[in-house]
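**Student:** Quick one: structure below, then a few questions.
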Amino acid sequence: MNPKPVVTRFAPSPTGFMHVGSVRTAIFAWLFARKNHGTFILRIEDTDKERQVLGSIEHITDSLHWLGITWDEGIEVGGSHGPYIQSQRLDSYKKYAQTLIDKGYAYPDPYTQEEVEQWRMQAEAQQRPFLFRDHRPHDTRKWDGIQPLRFKIPEIKRYTWHDMVRGNLSAGEEALDDFVLIKGDGYPTYNFAHVIDDLEMKVTHIIRGEEFISSTPKFLSLYDALSIKPPILATVPVVLAPDGKKKLSKRDGAKDVLEYRKEGYLPEAIINFLSLLGWHPEGEQEVMSIAELTDAFELERVQKGGAIFDNIKLRWMNQQHLKRISDKEFIKQLTVLMNERGEQVPTYTQQILSLLRERSATLGEAANMLSSGEFNFYEAVSVDAALLMQNVQADRETVKRHLEKVRILIEPTSGENFSAERIKELIFPYANEQGRGAVLWPLRVALSGKEKSPDPFTLAELLGKDQTLQRIKSALQVL
RNA sequence: GGCCCCAUCGUCUAACGGUUAGGACAUCGGCUUUUCAAGCCGGUAAUCCGGGUUCGAUUCCCGGUGGGGUCACCA
């Protein structure tokens, strides 16, 4: 039999911030949909008016657009199962709520919030779980639409279910309670709304974080009450903070994904890194394109335990992806980044570009090198005598003699032939004979003015003949 | 506290009961044009503990320990 086409969804709340943990979950759902040629839905779960942050829906779509995570149905693009914003779907929830009332599976909560809170605190003081169903009211009055509507668990029992990542799971009766379906403000709770939405949007696979695992029995009970077959569940592990002891949060350095754009990370690198956090394909390849990731993705290979987010490996991953893009693309992206920072891209040559690419792991680092003037070879540098002599096993006079000799060796070369290769040919035999350290170190420092820099031959080519000779002369003067 | 989940190098992970427990990041050492970066080569480094089952457990079972999640008119 040909299986039902896959439909997955990513359903964030517009609370102002898309951190790497939720992005990772989105990536798993997206890769799974793409791998199976299915449908990926973006739905906004905005039933909590209190926590809603203005502009965050746009922030979510911006983040996904930047990452290149595309969706087939949802906000912006529409689709045949909309609307895709929960606050616009209130009629659906009302309809199903009425169905539950009619079936005797829902009742109005007659208590005040204070009363319920009181019981909760008592339960907590006694170190036992709070169960609303212990306080089920006897008089079942009609729902006035103002009181919260609660689900009446049809059957208190142990639930057992299958999870694509975790295998068989189960939970005891304590996990089952009469949760709120519709809040006092008329909005549904997540617990109710997502079940209805997934049903109406024909979602086949729910891929979500492990914080939902303990409320799964409640959802299953609701599916039972509505006589619906639940979608296939896949629970992915949490992303942990660097200490490995708690969920990664803003406080522990969890960044908004768009922060990584500002720092000059490539979206492919972020996706590659995040998808390998808690998942691993067969084989040992780790640097992968989106196409390769999509092709290899399998929910069954997702890890069960939480994974710590490692910025250092992310940086390395970005460097790997940065190496793989063309010079043209590199310049294009660098220009965009620098313009966003309000900076101009200074003049550069092919050699400078090569150095830049070799020495930066992010576009932000490259931008910093350019704007800090690190590769500015058109102005004179001041050289420090102590630096020229640092680590050198020779006295000043000897070093002076070496530099003078180097100057004489390269002097006859014409400006056009002043290449790194040519300079090396001229100087290297002499350096080998006299000791590389005593010749090459002072030369490099003379040309760069710095303790750390590219090698002297490359520097000479970058500087050109005149500037090279000029800098050697300056160094000779301070010695 | 109840319920639930998880457990391999520092970190991310591989190993359909039989491997010298593999790879990657990080780290350390060497080479490459005595720096830095990149690159190449190599080293250190792990199956949480205790019982079973088995000829043989990282792998299966039980029990500890540790960590996490959850017990909302938040998602």
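Each chain in the structure tokens gets a letter, A, B, ..., in the order shown, and its residues are numbered from 1; ligands are numbered from 1 in order too.
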List the neighbours of B:C3 out to 12 Å using only C-alpha atoms (C1' of nucleotides); skip same-chain residues closer than 2 positions along the sequence, and give me the result as a PDB file with N, CA and C atoms (P, O5', C5', C4', C3', O3' and C1' of nucleotides), in the first residue's frame.

**Tutor:**
```pdb
ATOM      1  N   ARG A 128       2.523  16.178  46.515  1.00  0.00           N
ATOM      2  CA  ARG A 128       1.858  15.248  45.611  1.00  0.00           C
ATOM      3  C   ARG A 128       1.326  16.044  44.437  1.00  0.00           C
ATOM      4  N   PRO A 129       1.083  15.351  43.324  1.00  0.00           N
ATOM      5  CA  PRO A 129       0.656  16.092  42.141  1.00  0.00           C
ATOM      6  C   PRO A 129      -0.743  16.663  42.310  1.00  0.00           C
ATOM      7  N   PHE A 130      -0.969  17.805  41.731  1.00  0.00           N
ATOM      8  CA  PHE A 130      -2.301  18.398  41.774  1.00  0.00           C
ATOM      9  C   PHE A 130      -3.127  17.853  40.625  1.00  0.00           C
ATOM     10  N   ARG A 158      -3.864   3.827  32.239  1.00  0.00           N
ATOM     11  CA  ARG A 158      -2.471   3.933  31.793  1.00  0.00           C
ATOM     12  C   ARG A 158      -2.450   3.931  30.279  1.00  0.00           C
ATOM     13  N   TYR A 159      -1.740   4.904  29.724  1.00  0.00           N
ATOM     14  CA  TYR A 159      -1.623   4.977  28.267  1.00  0.00           C
ATOM     15  C   TYR A 159      -0.267   4.456  27.815  1.00  0.00           C
ATOM     16  N   SER A 170       5.043   5.000  27.914  1.00  0.00           N
ATOM     17  CA  SER A 170       3.793   4.861  28.651  1.00  0.00           C
ATOM     18  C   SER A 170       3.793   5.803  29.833  1.00  0.00           C
ATOM     19  N   ALA A 171       2.619   6.039  30.374  1.00  0.00           N
ATOM     20  CA  ALA A 171       2.510   6.910  31.534  1.00  0.00           C
ATOM     21  C   ALA A 171       1.323   6.473  32.379  1.00  0.00           C
ATOM     22  N   GLY A 172       1.459   6.677  33.685  1.00  0.00           N
ATOM     23  CA  GLY A 172       0.424   6.250  34.619  1.00  0.00           C
ATOM     24  C   GLY A 172      -0.753   7.210  34.662  1.00  0.00           C
ATOM     25  N   GLU A 173      -1.709   6.876  35.483  1.00  0.00           N
ATOM     26  CA  GLU A 173      -2.943   7.645  35.569  1.00  0.00           C
ATOM     27  C   GLU A 173      -2.724   9.075  36.055  1.00  0.00           C
ATOM     28  N   GLU A 174      -1.643   9.266  36.792  1.00  0.00           N
ATOM     29  CA  GLU A 174      -1.373  10.600  37.328  1.00  0.00           C
ATOM     30  C   GLU A 174      -1.145  11.626  36.221  1.00  0.00           C
ATOM     31  N   ALA A 175      -0.824  11.111  35.045  1.00  0.00           N
ATOM     32  CA  ALA A 175      -0.551  12.028  33.935  1.00  0.00           C
ATOM     33  C   ALA A 175      -1.837  12.557  33.314  1.00  0.00           C
ATOM     34  N   LEU A 176      -2.936  11.977  33.725  1.00  0.00           N
ATOM     35  CA  LEU A 176      -4.223  12.338  33.132  1.00  0.00           C
ATOM     36  C   LEU A 176      -4.999  13.282  34.041  1.00  0.00           C
ATOM     37  N   ILE A 213       6.288  15.413  26.194  1.00  0.00           N
ATOM     38  CA  ILE A 213       6.133  13.979  26.371  1.00  0.00           C
ATOM     39  C   ILE A 213       5.224  13.650  27.549  1.00  0.00           C
ATOM     40  N   SER A 214       5.318  14.440  28.614  1.00  0.00           N
ATOM     41  CA  SER A 214       4.525  14.083  29.788  1.00  0.00           C
ATOM     42  C   SER A 214       3.060  14.486  29.650  1.00  0.00           C
ATOM     43  N   SER A 215       2.747  15.348  28.706  1.00  0.00           N
ATOM     44  CA  SER A 215       1.328  15.658  28.529  1.00  0.00           C
ATOM     45  C   SER A 215       0.690  14.849  27.398  1.00  0.00           C
ATOM     46  N   PRO A 217      -0.288  11.732  27.262  1.00  0.00           N
ATOM     47  CA  PRO A 217      -1.501  10.978  27.622  1.00  0.00           C
ATOM     48  C   PRO A 217      -2.775  11.827  27.571  1.00  0.00           C
TER      49      PRO A 217
ATOM     50  P     G B   1      12.521  13.392  46.128  1.00  0.00           P
ATOM     51  O5'   G B   1      10.948  13.581  46.414  1.00  0.00           O
ATOM     52  C5'   G B   1      10.316  12.880  47.467  1.00  0.00           C
ATOM     53  C4'   G B   1       8.831  12.970  47.253  1.00  0.00           C
ATOM     54  C3'   G B   1       8.339  12.365  45.954  1.00  0.00           C
ATOM     55  O3'   G B   1       8.100  10.983  46.082  1.00  0.00           O
ATOM     56  C1'   G B   1       7.459  14.541  46.153  1.00  0.00           C
ATOM     57  P     C B   5       9.207   6.130  30.634  1.00  0.00           P
ATOM     58  O5'   C B   5      10.277   7.148  30.047  1.00  0.00           O
ATOM     59  C5'   C B   5      10.053   7.807  28.808  1.00  0.00           C
ATOM     60  C4'   C B   5      11.130   8.834  28.580  1.00  0.00           C
ATOM     61  C3'   C B   5      12.554   8.294  28.606  1.00  0.00           C
ATOM     62  O3'   C B   5      12.906   7.697  27.379  1.00  0.00           O
ATOM     63  C1'   C B   5      12.445  10.261  29.904  1.00  0.00           C
ATOM     64  P     G B  69      14.899  20.549  32.874  1.00  0.00           P
ATOM     65  O5'   G B  69      13.651  19.767  32.288  1.00  0.00           O
ATOM     66  C5'   G B  69      13.427  19.733  30.880  1.00  0.00           C
ATOM     67  C4'   G B  69      12.245  18.845  30.599  1.00  0.00           C
ATOM     68  C3'   G B  69      10.959  19.245  31.290  1.00  0.00           C
ATOM     69  O3'   G B  69      10.298  20.267  30.572  1.00  0.00           O
ATOM     70  C1'   G B  69      11.286  16.932  31.541  1.00  0.00           C
ATOM     71  P     U B  70       9.465  21.356  31.365  1.00  0.00           P
ATOM     72  O5'   U B  70       8.229  20.508  31.884  1.00  0.00           O
ATOM     73  C5'   U B  70       7.298  19.937  30.964  1.00  0.00           C
ATOM     74  C4'   U B  70       6.368  19.037  31.712  1.00  0.00           C
ATOM     75  C3'   U B  70       5.647  19.707  32.876  1.00  0.00           C
ATOM     76  O3'   U B  70       4.496  20.391  32.404  1.00  0.00           O
ATOM     77  C1'   U B  70       6.526  17.626  33.576  1.00  0.00           C
ATOM     78  P     C B  71       3.742  21.408  33.370  1.00  0.00           P
ATOM     79  O5'   C B  71       3.112  20.414  34.428  1.00  0.00           O
ATOM     80  C5'   C B  71       1.744  20.098  34.422  1.00  0.00           C
ATOM     81  C4'   C B  71       1.468  19.260  35.637  1.00  0.00           C
ATOM     82  C3'   C B  71       1.293  20.033  36.920  1.00  0.00           C
ATOM     83  O3'   C B  71      -0.029  20.534  37.037  1.00  0.00           O
ATOM     84  C1'   C B  71       2.703  18.197  37.308  1.00  0.00           C
TER      85        C B  71
END
```

**Student:** For chain A against chain B, with a cut-off of 8 Å and counting only C-alpha atoms (C1' of nucleotides), what is the closest atom pair and its distance in Å to one decimal for every residue that makes the cut, ordered by chain and number, as a Markdown table?

**Tutor:**
```
| residue | atom | partner | partner_atom | distance |
| --- | --- | --- | --- | --- |
| A:Ser13 | CA | B:A75 | C1' | 6.9 |
| A:Glu45 | CA | B:A75 | C1' | 8.0 |
| A:Asp48 | CA | B:C74 | C1' | 7.3 |
| A:Gln113 | CA | B:C73 | C1' | 7.9 |
| A:Gln126 | CA | B:G1 | C1' | 7.7 |
| A:Gln127 | CA | B:G1 | C1' | 4.2 |
| A:Arg128 | CA | B:G2 | C1' | 5.6 |
| A:Pro129 | CA | B:G2 | C1' | 5.6 |
| A:Phe130 | CA | B:C71 | C1' | 6.7 |
| A:Pro148 | CA | B:C73 | C1' | 6.6 |
| A:Ser170 | CA | B:C4 | C1' | 7.8 |
| A:Ala171 | CA | B:C4 | C1' | 6.4 |
| A:Gly172 | CA | B:C3 | C1' | 6.4 |
| A:Glu174 | CA | B:C3 | C1' | 6.0 |
| A:Ala175 | CA | B:C3 | C1' | 6.1 |
| A:Val180 | CA | B:C73 | C1' | 6.8 |
| A:Ile182 | CA | B:C73 | C1' | 7.7 |
| A:Lys183 | CA | B:C73 | C1' | 4.6 |
| A:Gly184 | CA | B:C73 | C1' | 5.9 |
| A:Asp185 | CA | B:C73 | C1' | 7.9 |
| A:Thr189 | CA | B:C73 | C1' | 8.0 |
| A:Tyr190 | CA | B:A75 | C1' | 6.2 |
| A:Glu210 | CA | B:G69 | C1' | 6.9 |
| A:Glu211 | CA | B:G69 | C1' | 5.5 |
| A:Ile213 | CA | B:C4 | C1' | 7.6 |
| A:Ser214 | CA | B:U70 | C1' | 5.6 |
| A:Ser215 | CA | B:U70 | C1' | 7.5 |
| A:Lys245 | CA | B:G67 | C1' | 6.8 |
| A:Lys246 | CA | B:G68 | C1' | 7.1 |
| A:Leu276 | CA | B:C12 | C1' | 7.5 |
| A:Leu277 | CA | B:C12 | C1' | 6.4 |
| A:Gly278 | CA | B:C12 | C1' | 7.9 |
| A:His280 | CA | B:U13 | C1' | 7.1 |
| A:Glu284 | CA | B:G23 | C1' | 5.8 |
| A:Glu286 | CA | B:A24 | C1' | 7.1 |
| A:Lys304 | CA | B:C6 | C1' | 6.7 |
| A:Gly305 | CA | B:C6 | C1' | 5.2 |
| A:Gly306 | CA | B:C6 | C1' | 7.8 |
| A:Ala307 | CA | B:C12 | C1' | 7.3 |
| A:Ile308 | CA | B:U11 | C1' | 7.2 |
| A:Asp310 | CA | B:U11 | C1' | 6.8 |
| A:Ile312 | CA | B:C25 | C1' | 7.2 |
| A:Lys313 | CA | B:C25 | C1' | 5.0 |
| A:Trp316 | CA | B:C25 | C1' | 7.6 |
| A:Glu358 | CA | B:A38 | C1' | 5.5 |
| A:Arg359 | CA | B:A37 | C1' | 4.9 |
| A:Arg436 | CA | B:U34 | C1' | 6.9 |
| A:Gly437 | CA | B:U34 | C1' | 5.1 |
| A:Trp441 | CA | B:U35 | C1' | 7.6 |
| A:Glu451 | CA | B:U35 | C1' | 6.3 |
| A:Lys452 | CA | B:C36 | C1' | 4.7 |
| A:Ser453 | CA | B:C36 | C1' | 5.6 |
| A:Pro454 | CA | B:C36 | C1' | 6.9 |
| A:Asp455 | CA | B:U33 | C1' | 7.0 |
```

**Student:** Go ahead and dump the residues you just picked, C-alpha atoms, as a short mmCIF file (atom, residue, chain, number, x, y, z; two decimals), in the first residue's frame.

**Tutor:**
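Output contents, as saved in again_2.cif:
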```
data_model
loop_
_atom_site.label_atom_id
_atom_site.label_comp_id
_atom_site.auth_asym_id
_atom_site.auth_seq_id
_atom_site.Cartn_x
_atom_site.Cartn_y
_atom_site.Cartn_z
CA SER A 13 4.38 31.00 19.47
CA GLU A 45 0.17 29.46 17.97
CA ASP A 48 -1.63 33.45 24.84
CA GLN A 113 -8.75 30.91 39.79
CA GLN A 126 2.03 17.81 50.51
CA GLN A 127 4.44 16.95 47.72
CA ARG A 128 1.86 15.25 45.61
CA PRO A 129 0.66 16.09 42.14
CA PHE A 130 -2.30 18.40 41.77
CA PRO A 148 -13.19 28.04 31.36
CA SER A 170 3.79 4.86 28.65
CA ALA A 171 2.51 6.91 31.53
CA GLY A 172 0.42 6.25 34.62
CA GLU A 174 -1.37 10.60 37.33
CA ALA A 175 -0.55 12.03 33.94
CA VAL A 180 -8.67 23.44 30.27
CA ILE A 182 -11.08 26.97 26.36
CA LYS A 183 -9.74 29.65 28.65
CA GLY A 184 -11.78 32.34 30.33
CA ASP A 185 -10.75 34.77 27.62
CA THR A 189 -5.21 26.23 25.27
CA TYR A 190 -2.32 24.68 23.37
CA GLU A 210 10.49 16.42 24.74
CA GLU A 211 8.79 18.89 27.05
CA ILE A 213 6.13 13.98 26.37
CA SER A 214 4.53 14.08 29.79
CA SER A 215 1.33 15.66 28.53
CA LYS A 245 22.48 20.68 33.24
CA LYS A 246 19.55 22.56 31.88
CA LEU A 276 23.83 17.15 13.68
CA LEU A 277 22.89 18.12 17.21
CA GLY A 278 20.93 15.06 18.16
CA HIS A 280 23.68 11.58 12.84
CA GLU A 284 31.34 9.73 8.81
CA GLU A 286 29.78 15.79 8.80
CA LYS A 304 17.22 10.33 22.72
CA GLY A 305 19.40 12.27 25.11
CA GLY A 306 19.86 16.03 25.16
CA ALA A 307 22.83 17.62 23.42
CA ILE A 308 24.96 20.55 24.47
CA ASP A 310 28.91 23.93 21.20
CA ILE A 312 33.27 26.29 18.90
CA LYS A 313 32.18 23.47 16.66
CA TRP A 316 34.39 25.38 12.66
CA GLU A 358 42.00 31.67 4.85
CA ARG A 359 41.99 33.53 8.12
CA ARG A 436 65.90 31.00 8.60
CA GLY A 437 65.01 32.48 11.94
CA TRP A 441 61.58 36.64 11.18
CA GLU A 451 54.07 39.98 15.70
CA LYS A 452 51.56 37.89 13.78
CA SER A 453 51.06 38.10 10.05
CA PRO A 454 51.18 36.13 6.84
CA ASP A 455 54.56 34.92 5.59
#
```

**Student:** May I have all residues of stretch 88-301 of chain A that DSSP, computed from the backbone, assigns to strand (DSSP E), given as number ranges by chain?

**Tutor:** A: 106-108, 149-151, 159-163, 167-171, 180-182, 205-209, 232-236, 239-240

**Student:** Could you please write out, as a CSV table (one decimal) with C-alpha atoms, in the first residue's frame, every residue of stretch 155-387 of chain A that DSSP assigns to alpha helix (DSSP H)?

**Tutor:**
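states_36.csv written:
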```
chain,number,residue,atom,x,y,z
A,190,TYR,CA,-2.3,24.7,23.4
A,191,ASN,CA,-3.5,21.3,24.6
A,192,PHE,CA,-6.8,21.6,22.8
A,193,ALA,CA,-5.9,23.9,19.8
A,194,HIS,CA,-3.0,21.9,18.4
A,195,VAL,CA,-5.1,18.7,18.4
A,196,ILE,CA,-7.8,20.4,16.4
A,197,ASP,CA,-5.4,22.1,14.1
A,198,ASP,CA,-3.4,19.0,13.4
A,199,LEU,CA,-6.6,17.2,12.6
A,200,GLU,CA,-8.0,19.9,10.3
A,216,THR,CA,1.0,13.2,25.7
A,217,PRO,CA,-1.5,11.0,27.6
A,218,LYS,CA,-3.8,14.0,27.9
A,219,PHE,CA,-3.7,14.5,24.1
A,220,LEU,CA,-4.3,10.8,23.5
A,221,SER,CA,-7.3,10.9,25.8
A,222,LEU,CA,-8.6,13.8,23.8
A,223,TYR,CA,-8.1,12.0,20.5
A,224,ASP,CA,-10.1,9.1,22.1
A,225,ALA,CA,-12.9,11.4,23.1
A,257,VAL,CA,19.1,32.8,15.1
A,258,LEU,CA,19.2,36.2,13.4
A,259,GLU,CA,22.2,37.1,15.7
A,260,TYR,CA,24.2,34.5,13.7
A,261,ARG,CA,23.4,36.4,10.5
A,262,LYS,CA,24.7,39.5,12.0
A,267,PRO,CA,22.6,29.6,7.0
A,268,GLU,CA,23.7,26.3,5.5
A,269,ALA,CA,26.3,26.0,8.3
A,270,ILE,CA,23.7,26.7,11.0
A,271,ILE,CA,21.4,24.1,9.5
A,272,ASN,CA,24.2,21.6,9.1
A,273,PHE,CA,25.4,22.1,12.7
A,274,LEU,CA,21.9,22.1,14.2
A,275,SER,CA,20.8,19.0,12.4
A,290,ILE,CA,21.2,20.9,2.5
A,291,ALA,CA,20.5,18.5,-0.2
A,292,GLU,CA,22.8,15.9,1.4
A,293,LEU,CA,21.1,16.4,4.8
A,294,THR,CA,17.7,16.1,3.3
A,295,ASP,CA,18.7,13.0,1.5
A,296,ALA,CA,20.2,11.3,4.6
A,311,ASN,CA,29.7,27.3,19.7
A,312,ILE,CA,33.3,26.3,18.9
A,313,LYS,CA,32.2,23.5,16.7
A,314,LEU,CA,29.6,25.7,15.1
A,315,ARG,CA,32.4,28.2,14.2
A,316,TRP,CA,34.4,25.4,12.7
A,317,MET,CA,31.4,24.2,10.7
A,318,ASN,CA,30.8,27.7,9.4
A,319,GLN,CA,34.5,27.9,8.3
A,320,GLN,CA,34.0,24.7,6.4
A,321,HIS,CA,31.0,26.0,4.6
A,322,LEU,CA,32.6,29.4,4.0
A,323,LYS,CA,35.5,27.6,2.2
A,324,ARG,CA,33.1,25.9,-0.1
A,327,ASP,CA,35.0,34.1,-4.3
A,328,LYS,CA,32.2,35.9,-6.0
A,329,GLU,CA,29.7,34.6,-3.5
A,330,PHE,CA,32.0,35.4,-0.6
A,331,ILE,CA,32.4,39.0,-1.7
A,332,LYS,CA,28.7,39.3,-2.3
A,333,GLN,CA,27.9,38.1,1.2
A,334,LEU,CA,30.7,40.1,2.8
A,335,THR,CA,29.5,43.3,1.1
A,336,VAL,CA,25.9,42.7,2.3
A,337,LEU,CA,27.1,42.2,5.8
A,338,MET,CA,29.4,45.2,5.8
A,339,ASN,CA,26.7,47.4,4.3
A,340,GLU,CA,24.3,46.3,7.0
A,350,GLN,CA,42.9,38.8,-5.2
A,351,GLN,CA,45.7,38.1,-2.7
A,352,ILE,CA,44.0,40.0,0.1
A,353,LEU,CA,40.9,38.1,-0.6
A,354,SER,CA,42.7,34.8,-0.3
A,355,LEU,CA,44.3,35.8,3.0
A,356,LEU,CA,40.9,37.0,4.3
A,357,ARG,CA,39.2,33.8,3.4
A,358,GLU,CA,42.0,31.7,4.8
A,359,ARG,CA,42.0,33.5,8.1
A,363,LEU,CA,32.1,36.8,7.5
A,364,GLY,CA,32.0,38.9,10.6
A,365,GLU,CA,35.6,38.1,11.3
A,366,ALA,CA,36.5,38.9,7.7
A,367,ALA,CA,34.7,42.2,7.9
A,368,ASN,CA,36.6,43.0,11.1
A,369,MET,CA,39.9,42.3,9.5
A,370,LEU,CA,39.1,44.6,6.7
A,371,SER,CA,37.7,47.5,8.7
A,385,ALA,CA,63.3,47.2,17.2
A,386,ALA,CA,62.6,44.9,20.0
A,387,LEU,CA,60.0,43.1,17.9
```

**Student:** Could you name the residues that touch B:U54 at 12 Å or less, counting only C-alpha atoms (C1' of nucleotides), but leaving out those on the same chain fewer than 4 positions away, as a list in words?

**Tutor:**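 Contacts, in chain order: G17, G18, C60 and C61 of chain B.
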
**Student:** Any chance you can output those residues with N, CA and C atoms (P, O5', C5', C4', C3', O3' and C1' of nucleotides) as a compact mmCIF listing (two decimals), in the first residue's frame?

**Tutor:**
```txt
# COMPACT_ATOMS: atom_id res chain seq x y z
P G B 17 22.24 -6.71 17.95
O5' G B 17 23.66 -6.74 18.63
C5' G B 17 23.85 -7.17 19.95
C4' G B 17 25.30 -7.57 20.09
C3' G B 17 25.68 -8.64 19.04
O3' G B 17 26.80 -8.44 18.19
C1' G B 17 25.67 -9.52 21.32
P G B 18 28.20 -7.88 18.24
O5' G B 18 29.10 -8.89 19.07
C5' G B 18 29.87 -8.44 20.20
C4' G B 18 31.32 -8.94 20.10
C3' G B 18 32.01 -8.59 18.78
O3' G B 18 33.31 -8.04 18.97
C1' G B 18 31.75 -10.99 19.00
P C B 60 20.09 -2.40 24.53
O5' C B 60 19.53 -3.80 25.07
C5' C B 60 18.77 -4.63 24.22
C4' C B 60 18.26 -5.81 25.02
C3' C B 60 17.88 -5.51 26.45
O3' C B 60 16.57 -4.99 26.55
C1' C B 60 19.26 -7.42 26.40
P C B 61 16.16 -4.07 27.78
O5' C B 61 16.07 -5.11 28.97
C5' C B 61 15.03 -6.09 29.01
C4' C B 61 15.09 -6.83 30.32
C3' C B 61 15.16 -5.93 31.54
O3' C B 61 13.87 -5.51 31.96
C1' C B 61 16.85 -7.58 31.70
```

**Student:** Find the residue from A:Gln303, A:Asn376, A:Thr235, A:Gln434 that sits nearest to A:Ser448; use only C-alpha atoms when measuring.

**Tutor:**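 Nearest to A:Ser448: A:Asn376.
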
**Student:** Might you pull out every residue within 9 Å of stretch 71-80 of chain A, with only C-alpha atoms (C1' of nucleotides) counted and same-chain residues fewer than 6 positions away left off, and present them as a list in words?

**Tutor:**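 Using only C-alpha atoms (C1' of nucleotides), the neighbours found are Arg9, Trp30, Thr39, Phe40, Ile41, Leu42, Arg43, Ile44, Thr61 and Met201 of chain A.
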
**Student:** Could you save the residues just selected, with N, CA and C atoms, as a short mmCIF file (atom, residue, chain, number, x, y, z; two decimals), in the first residue's frame?

**Tutor:**
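Dumped to part38.cif:
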```
data_model
loop_
_atom_site.label_atom_id
_atom_site.label_comp_id
_atom_site.auth_asym_id
_atom_site.auth_seq_id
_atom_site.Cartn_x
_atom_site.Cartn_y
_atom_site.Cartn_z
N ARG A 9 4.59 19.88 10.62
CA ARG A 9 4.40 21.32 10.85
C ARG A 9 5.39 21.82 11.87
N TRP A 30 11.21 19.86 9.12
CA TRP A 30 11.36 20.28 7.72
C TRP A 30 12.12 19.24 6.91
N THR A 39 4.52 17.61 2.92
CA THR A 39 4.12 19.00 3.09
C THR A 39 4.61 19.51 4.44
N PHE A 40 5.15 20.72 4.41
CA PHE A 40 5.62 21.32 5.65
C PHE A 40 4.78 22.58 5.90
N ILE A 41 4.17 22.62 7.08
CA ILE A 41 3.26 23.71 7.42
C ILE A 41 3.87 24.62 8.47
N LEU A 42 3.69 25.91 8.29
CA LEU A 42 4.06 26.86 9.35
C LEU A 42 2.78 27.44 9.96
N ARG A 43 2.58 27.14 11.22
CA ARG A 43 1.38 27.59 11.91
C ARG A 43 1.78 28.43 13.12
N ILE A 44 1.03 29.48 13.36
CA ILE A 44 1.36 30.35 14.49
C ILE A 44 0.40 30.08 15.65
N THR A 61 9.21 34.58 10.51
CA THR A 61 9.31 34.35 9.07
C THR A 61 10.66 34.85 8.53
N MET A 201 -5.67 20.22 9.60
CA MET A 201 -4.60 20.43 8.61
C MET A 201 -4.03 19.11 8.12
#
```

**Student:** Could you tell me how far atom C1' of B:U32 lies from atom CA of A:Asp384, in Å and to one decimal?

**Tutor:**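 If I compute the distance from atom C1' of B:U32 to atom CA of A:Asp384, I get 28.0 Å.
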
**Student:** List the spatial neighbours of A:Gln470 as a ChimeraX atom specification - criterion: any atom at most 10 Å away, only C-alpha atoms (C1' of nucleotides), same-chain residues fewer than 6 positions off excluded.

**Tutor:** /A:380,407,446-447,463,476

**Student:** A:Leu226, A:Leu67, A:Val6, A:Val345: which is nearest A:Gly104, counting only C-alpha atoms?

**Tutor:**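 The shortest atom-to-atom distance to A:Gly104 comes from A:Leu226.
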